[in-house]
Amino acid sequence: MSSTRPRVLSGVQPTGALHLGNWLGAIRNWVDLQDSHDTFFCVVDLHAITVPHDPARLAEDTRSTAALYLACGIDPQRSTVFVQSHVGAHSELCWLLNCLTPLNWLERMIQFKEKALKQGSDVSAGLLDYPVLMAADILLYDADQVPVGEDQKQHLELARDIAQQRLNARFGPKGPDGERMPLLKVPEPLILKEGARVMSLTDGRSKMSKSDPNEASRITLLDPPELITKKIKRAKTDPQLGLEFGNPERPEADNLLGLYALLSGRGREAAAAECASMGWGSFKPLLAEATVEALRPVQQRYAELRSDPGRLDQVLAEGQARAEAVADDTLARVRQALGFLPGPARNR
Ligand code: AMP
Ligand code: TRP
């Protein structure tokens, strides 16, 4: 883990089973980055309580999400894998950033508006503050790049604005000519086109999501083969023969063909050629098989990991120590720039 490599940080919320969107849009891309980047991956459990949550499930969902990271190919030898709430600096930097972030920046966040609408009358301050906590996650590690799905682009822009306009421009240390030097690294989003937006199986116009009450709308990474096959069999189709990309009238065809291209490893061009005149009845078993085969090794590794809980605990303890070392340094830098009196325990 050389420090000259660009740094990457990302995370997923432990709110129920991870699905194909989380895998293809996020985690799968993390795996390749391990070769070229200094990688930090956290399970963002503090984000998971921004909507009403079940305390009886949080710890288990946190463990299973971490285990899925490893099962998908995140290698704790090369990556720092940790739980957000295990590193206190996330909450503390979030508070400091809160006091520097204009309220109206948060009120414009699309995801807040969507989630608040779903929540009805029970909207927490934490839900509004969610992107500031996310900014803290990223800025603590001076991340150069943040791999996320398309839906997180606006949150990334907010993190950049907070770093640039609210921290660096106002509190950056003064250089020799009196100009402000950066206090925090301004992160770039890393959004891969393919897989960046996996759509629901029951509606090709809405995103595959953990919070959709209809479980048939998503395939989770731990769905057994029969269930995967059943969900694909029932997936929404249209009356037209042949699958194609990019027809705005046929979002389901675009989505399912895209899944086939990725999961079979054939790529978009070959998949489009293969399925151009194929009926849904022939295509669906093909997609089901590709999905089952793609998930088989992930599910096998997951089962192995869960049979040895001590190993996962050890990975997360090591991750916490490595993450803390970096995060505490950044936090100390920000505290100093904001003018706090250093406490004795903080003089690192
Ligand atoms: P979440 O499930 O909201 O915690 O999202 C975790 C990661 O998965 C983020 O990087 C999201 O952008 C990504 N993601 C979530 N849903 C999808 C989807 N339907 N398609 C592509 N990426 C997604
Ligand atoms: N908001 C992200 C999502 O729902 C999860 C997240 C929290 C995250 N903190 C992050 C992603 C930091 C990348 C970097 O997908």
# chains A, B, ... in the order shown; residues from 1 in each chain; ligands from 1
$ residues_around --residues "A:Arg234" --least-positions-apart "4" --cutoff "10 Å" --atoms "only C-alpha atoms" --output "list of chain:residue names"
A:Leu201, A:Thr202, A:Ala216, A:Ser217, A:Thr229, A:Lys230, A:Lys284
$ closest_atom_pairs --of "chain A" --to "ligand 2" --cutoff "7 Å" --atoms "only C-alpha atoms and all ligand atoms" --output "Markdown table"
| residue | atom | partner | partner_atom_place_in_ligand_line | distance |
| --- | --- | --- | --- | --- |
| A:Leu9 | CA | ligand 2 | 14 (C) | 5.7 |
| A:Ser10 | CA | ligand 2 | 13 (C) | 3.7 |
| A:Gly11 | CA | ligand 2 | 11 (C) | 4.3 |
| A:Val12 | CA | ligand 2 | 5 (C) | 4.7 |
| A:Gln13 | CA | ligand 2 | 5 (C) | 5.8 |
| A:Val44 | CA | ligand 2 | 7 (C) | 5.5 |
| A:His47 | CA | ligand 2 | 7 (C) | 6.4 |
| A:Pro131 | CA | ligand 2 | 1 (N) | 6.9 |
| A:Leu133 | CA | ligand 2 | 9 (N) | 6.9 |
| A:Met134 | CA | ligand 2 | 9 (N) | 4.0 |
| A:Ala135 | CA | ligand 2 | 12 (C) | 6.8 |
| A:Asp137 | CA | ligand 2 | 12 (C) | 5.3 |
| A:Ile138 | CA | ligand 2 | 12 (C) | 5.4 |
| A:Val146 | CA | ligand 2 | 13 (C) | 5.9 |
| A:Pro147 | CA | ligand 2 | 13 (C) | 6.6 |
| A:Val148 | CA | ligand 2 | 13 (C) | 5.9 |
| A:Gln152 | CA | ligand 2 | 15 (O) | 6.1 |
$ closest_atom_pairs --of "chain A" --to "ligand 1" --cutoff "7 Å" --atoms "only C-alpha atoms and all ligand atoms" --output "CSV"
residue,atom,partner,partner_atom_place_in_ligand_line,distance
A:Gly11,CA,ligand 1,6 (C),6.6
A:Val12,CA,ligand 1,4 (O),4.0
A:Gln13,CA,ligand 1,4 (O),4.0
A:Leu18,CA,ligand 1,2 (O),6.8
A:Gly21,CA,ligand 1,18 (C),3.6
A:Asn22,CA,ligand 1,8 (O),3.6
A:Trp23,CA,ligand 1,8 (O),6.8
A:Leu24,CA,ligand 1,21 (C),6.3
A:Gly25,CA,ligand 1,22 (N),3.6
A:Ala26,CA,ligand 1,10 (O),4.7
A:Pro147,CA,ligand 1,10 (O),6.6
A:Val148,CA,ligand 1,10 (O),3.5
A:Gly149,CA,ligand 1,12 (O),3.0
A:Glu150,CA,ligand 1,12 (O),5.7
A:Asp151,CA,ligand 1,12 (O),5.2
A:Gln152,CA,ligand 1,12 (O),5.2
A:Gly195,CA,ligand 1,21 (C),5.7
A:Ala196,CA,ligand 1,21 (C),4.4
A:Arg197,CA,ligand 1,20 (N),3.5
A:Val198,CA,ligand 1,20 (N),3.7
A:Met199,CA,ligand 1,19 (N),5.4
A:Lys207,CA,ligand 1,19 (N),4.6
A:Met208,CA,ligand 1,19 (N),3.9
A:Ser209,CA,ligand 1,16 (N),5.4
A:Lys210,CA,ligand 1,2 (O),6.1
$ select_by_dssp --residues "stretch 116-161 of chain A" --states "alpha helix (DSSP H)" --output "ChimeraX atom specification"
/A:116-119,125-139,153-161
$ closest_residue --among "A:Ala59, A:Gln300, A:Leu20, A:Glu293" --to "A:Leu256" --atoms "only C-alpha atoms"
A:Leu20
$ residues_around --residues "stretch 171-176 of chain A" --least-positions-apart "5" --cutoff "7 Å" --atoms "only C-alpha atoms" --output "ChimeraX atom specification"
/A:181-183,337-338
$ write_last_selection --atoms "N, CA, C and O atoms" --output "compact mmCIF listing (two decimals), in the first residue's frame"
# COMPACT_ATOMS: atom_id res chain seq x y z
N MET A 181 -3.56 27.76 1.06
CA MET A 181 -3.20 26.43 0.53
C MET A 181 -4.31 25.46 0.93
O MET A 181 -4.99 25.68 1.93
N PRO A 182 -4.45 24.36 0.16
CA PRO A 182 -5.53 23.42 0.49
C PRO A 182 -5.36 22.80 1.87
O PRO A 182 -4.24 22.42 2.25
N LEU A 183 -6.46 22.72 2.59
CA LEU A 183 -6.47 22.03 3.88
C LEU A 183 -6.89 20.58 3.67
O LEU A 183 -6.40 19.66 4.30
N ALA A 337 -6.96 24.10 12.20
CA ALA A 337 -7.27 25.19 11.27
C ALA A 337 -8.48 25.99 11.75
O ALA A 337 -8.58 27.19 11.50
N LEU A 338 -9.42 25.31 12.44
CA LEU A 338 -10.61 26.02 12.91
C LEU A 338 -10.36 26.72 14.24
O LEU A 338 -11.24 27.40 14.77
$ atom_distance --atom1 "atom CA of A:Pro239" --atom2 "atom CA of A:Trp280"
8.9 Å
$ residues_around --residues "stretch 314-325 of chain A" --least-positions-apart "4" --cutoff "7 Å" --atoms "only C-alpha atoms" --output "PyMOL selection string"
chain A and resi 76+80-83+86-87+310+329
$ write_last_selection --atoms "N, CA and C atoms" --output "mmCIF file, in the first residue's frame"
data_model
loop_
_atom_site.group_PDB
_atom_site.id
_atom_site.type_symbol
_atom_site.label_atom_id
_atom_site.label_comp_id
_atom_site.auth_asym_id
_atom_site.auth_seq_id
_atom_site.Cartn_x
_atom_site.Cartn_y
_atom_site.Cartn_z
ATOM 1 N N PRO A 76 -8.336 -7.806 2.104
ATOM 2 C CA PRO A 76 -7.908 -7.007 3.265
ATOM 3 C C PRO A 76 -6.391 -6.814 3.350
ATOM 4 N N THR A 80 -8.072 -1.319 3.071
ATOM 5 C CA THR A 80 -8.483 -1.115 4.450
ATOM 6 C C THR A 80 -10.002 -1.240 4.501
ATOM 7 N N VAL A 81 -10.472 -2.281 5.176
ATOM 8 C CA VAL A 81 -11.916 -2.544 5.262
ATOM 9 C C VAL A 81 -12.349 -2.280 6.696
ATOM 10 N N PHE A 82 -13.293 -1.376 6.875
ATOM 11 C CA PHE A 82 -13.653 -1.011 8.251
ATOM 12 C C PHE A 82 -15.107 -0.566 8.358
ATOM 13 N N VAL A 83 -15.536 -0.428 9.605
ATOM 14 C CA VAL A 83 -16.906 -0.003 9.901
ATOM 15 C C VAL A 83 -16.862 1.476 10.298
ATOM 16 N N HIS A 86 -16.866 2.644 13.883
ATOM 17 C CA HIS A 86 -15.713 2.262 14.694
ATOM 18 C C HIS A 86 -14.637 3.347 14.695
ATOM 19 N N VAL A 87 -14.777 4.313 13.807
ATOM 20 C CA VAL A 87 -13.785 5.391 13.718
ATOM 21 C C VAL A 87 -14.505 6.697 14.083
ATOM 22 N N GLY A 310 -14.411 -15.182 13.623
ATOM 23 C CA GLY A 310 -13.191 -14.592 14.176
ATOM 24 C C GLY A 310 -12.373 -13.891 13.101
ATOM 25 N N ASP A 329 -5.428 12.007 11.991
ATOM 26 C CA ASP A 329 -4.495 13.039 11.511
ATOM 27 C C ASP A 329 -5.238 14.165 10.810
#
$ residues_around --residues "A:Arg160" --least-positions-apart "6" --cutoff "12 Å" --atoms "only C-alpha atoms" --output "list in words"
Thr101, Pro131, Val132, Met134, Ala135, Ala136, Ile138, Leu139, Asp142, Ala143, Asp144, Gln145, Val146, Lys153, Gln154, Arg166, Leu167, Asn168, Ala169, Leu184, Lys185, Val186, Pro187, Glu188 and Pro189 of chain A
$ decode --residues "stretch 165-177 of chain A" --atoms "all heavy atoms" --output "compact mmCIF listing (two decimals), in the first residue's frame"
# COMPACT_ATOMS: atom_id res chain seq x y z
N GLN A 165 -14.87 25.34 -1.11
CA GLN A 165 -15.37 26.69 -0.80
C GLN A 165 -15.45 26.97 0.69
O GLN A 165 -15.27 28.10 1.13
CB GLN A 165 -16.77 26.87 -1.41
CG GLN A 165 -16.77 26.73 -2.91
CD GLN A 165 -18.18 26.82 -3.46
OE1 GLN A 165 -19.02 27.53 -2.94
NE2 GLN A 165 -18.46 26.08 -4.52
N ARG A 166 -15.78 25.94 1.47
CA ARG A 166 -16.02 26.20 2.89
C ARG A 166 -14.80 25.95 3.77
O ARG A 166 -14.64 26.57 4.81
CB ARG A 166 -17.19 25.34 3.37
CG ARG A 166 -18.47 25.72 2.70
CD ARG A 166 -19.00 26.97 3.33
NE ARG A 166 -19.78 27.79 2.43
CZ ARG A 166 -20.59 28.76 2.83
NH1 ARG A 166 -20.73 29.02 4.11
NH2 ARG A 166 -21.24 29.47 1.94
N LEU A 167 -13.94 24.99 3.37
CA LEU A 167 -12.75 24.71 4.18
C LEU A 167 -11.50 25.36 3.58
O LEU A 167 -10.90 26.23 4.20
CB LEU A 167 -12.53 23.19 4.30
CG LEU A 167 -13.17 22.43 5.45
CD1 LEU A 167 -12.66 22.91 6.79
CD2 LEU A 167 -14.66 22.45 5.43
N ASN A 168 -11.15 24.92 2.37
CA ASN A 168 -9.87 25.38 1.81
C ASN A 168 -9.83 26.90 1.63
O ASN A 168 -8.85 27.54 1.98
CB ASN A 168 -9.60 24.69 0.48
CG ASN A 168 -9.33 23.21 0.68
OD1 ASN A 168 -9.20 22.75 1.82
ND2 ASN A 168 -9.24 22.45 -0.41
N ALA A 169 -10.89 27.46 1.07
CA ALA A 169 -10.87 28.89 0.75
C ALA A 169 -10.90 29.74 2.02
O ALA A 169 -10.38 30.85 2.03
CB ALA A 169 -12.07 29.23 -0.14
N ARG A 170 -11.47 29.23 3.09
CA ARG A 170 -11.59 30.05 4.30
C ARG A 170 -10.58 29.73 5.38
O ARG A 170 -10.21 30.58 6.17
CB ARG A 170 -12.97 29.84 4.91
CG ARG A 170 -14.08 30.32 4.03
CD ARG A 170 -15.38 30.13 4.75
NE ARG A 170 -16.47 30.67 3.96
CZ ARG A 170 -17.69 30.86 4.43
NH1 ARG A 170 -17.96 30.54 5.68
NH2 ARG A 170 -18.62 31.35 3.65
N PHE A 171 -10.20 28.44 5.45
CA PHE A 171 -9.37 28.03 6.58
C PHE A 171 -8.05 27.38 6.17
O PHE A 171 -7.32 26.90 7.03
CB PHE A 171 -10.16 27.06 7.48
CG PHE A 171 -11.44 27.64 8.00
CD1 PHE A 171 -12.67 27.31 7.41
CD2 PHE A 171 -11.43 28.54 9.06
CE1 PHE A 171 -13.85 27.85 7.88
CE2 PHE A 171 -12.62 29.08 9.54
CZ PHE A 171 -13.83 28.74 8.95
N GLY A 172 -7.76 27.32 4.87
CA GLY A 172 -6.51 26.71 4.42
C GLY A 172 -5.34 27.48 5.01
O GLY A 172 -5.43 28.70 5.19
N PRO A 173 -4.24 26.77 5.31
CA PRO A 173 -3.08 27.47 5.86
C PRO A 173 -2.54 28.48 4.85
O PRO A 173 -2.58 28.22 3.65
CB PRO A 173 -2.08 26.33 6.11
CG PRO A 173 -2.57 25.17 5.30
CD PRO A 173 -4.03 25.34 5.11
N LYS A 174 -2.04 29.61 5.33
CA LYS A 174 -1.54 30.63 4.41
C LYS A 174 -0.15 30.25 3.90
O LYS A 174 0.72 29.86 4.67
CB LYS A 174 -1.46 31.97 5.16
CG LYS A 174 -2.83 32.53 5.55
CD LYS A 174 -3.08 33.86 4.82
CE LYS A 174 -4.49 34.38 5.03
NZ LYS A 174 -4.64 35.12 6.29
N GLY A 175 0.03 30.38 2.59
CA GLY A 175 1.33 30.11 1.98
C GLY A 175 2.23 31.33 2.08
O GLY A 175 1.82 32.34 2.67
N PRO A 176 3.44 31.24 1.48
CA PRO A 176 4.42 32.32 1.60
C PRO A 176 3.90 33.66 1.08
O PRO A 176 4.26 34.71 1.63
CB PRO A 176 5.60 31.85 0.75
CG PRO A 176 5.16 30.58 0.08
CD PRO A 176 3.93 30.09 0.75
N ASP A 177 3.03 33.63 0.04
CA ASP A 177 2.53 34.90 -0.49
C ASP A 177 1.19 35.28 0.12
O ASP A 177 0.47 36.13 -0.40
CB ASP A 177 2.38 34.83 -2.02
CG ASP A 177 3.68 34.41 -2.67
OD1 ASP A 177 4.74 34.81 -2.15
OD2 ASP A 177 3.63 33.65 -3.68
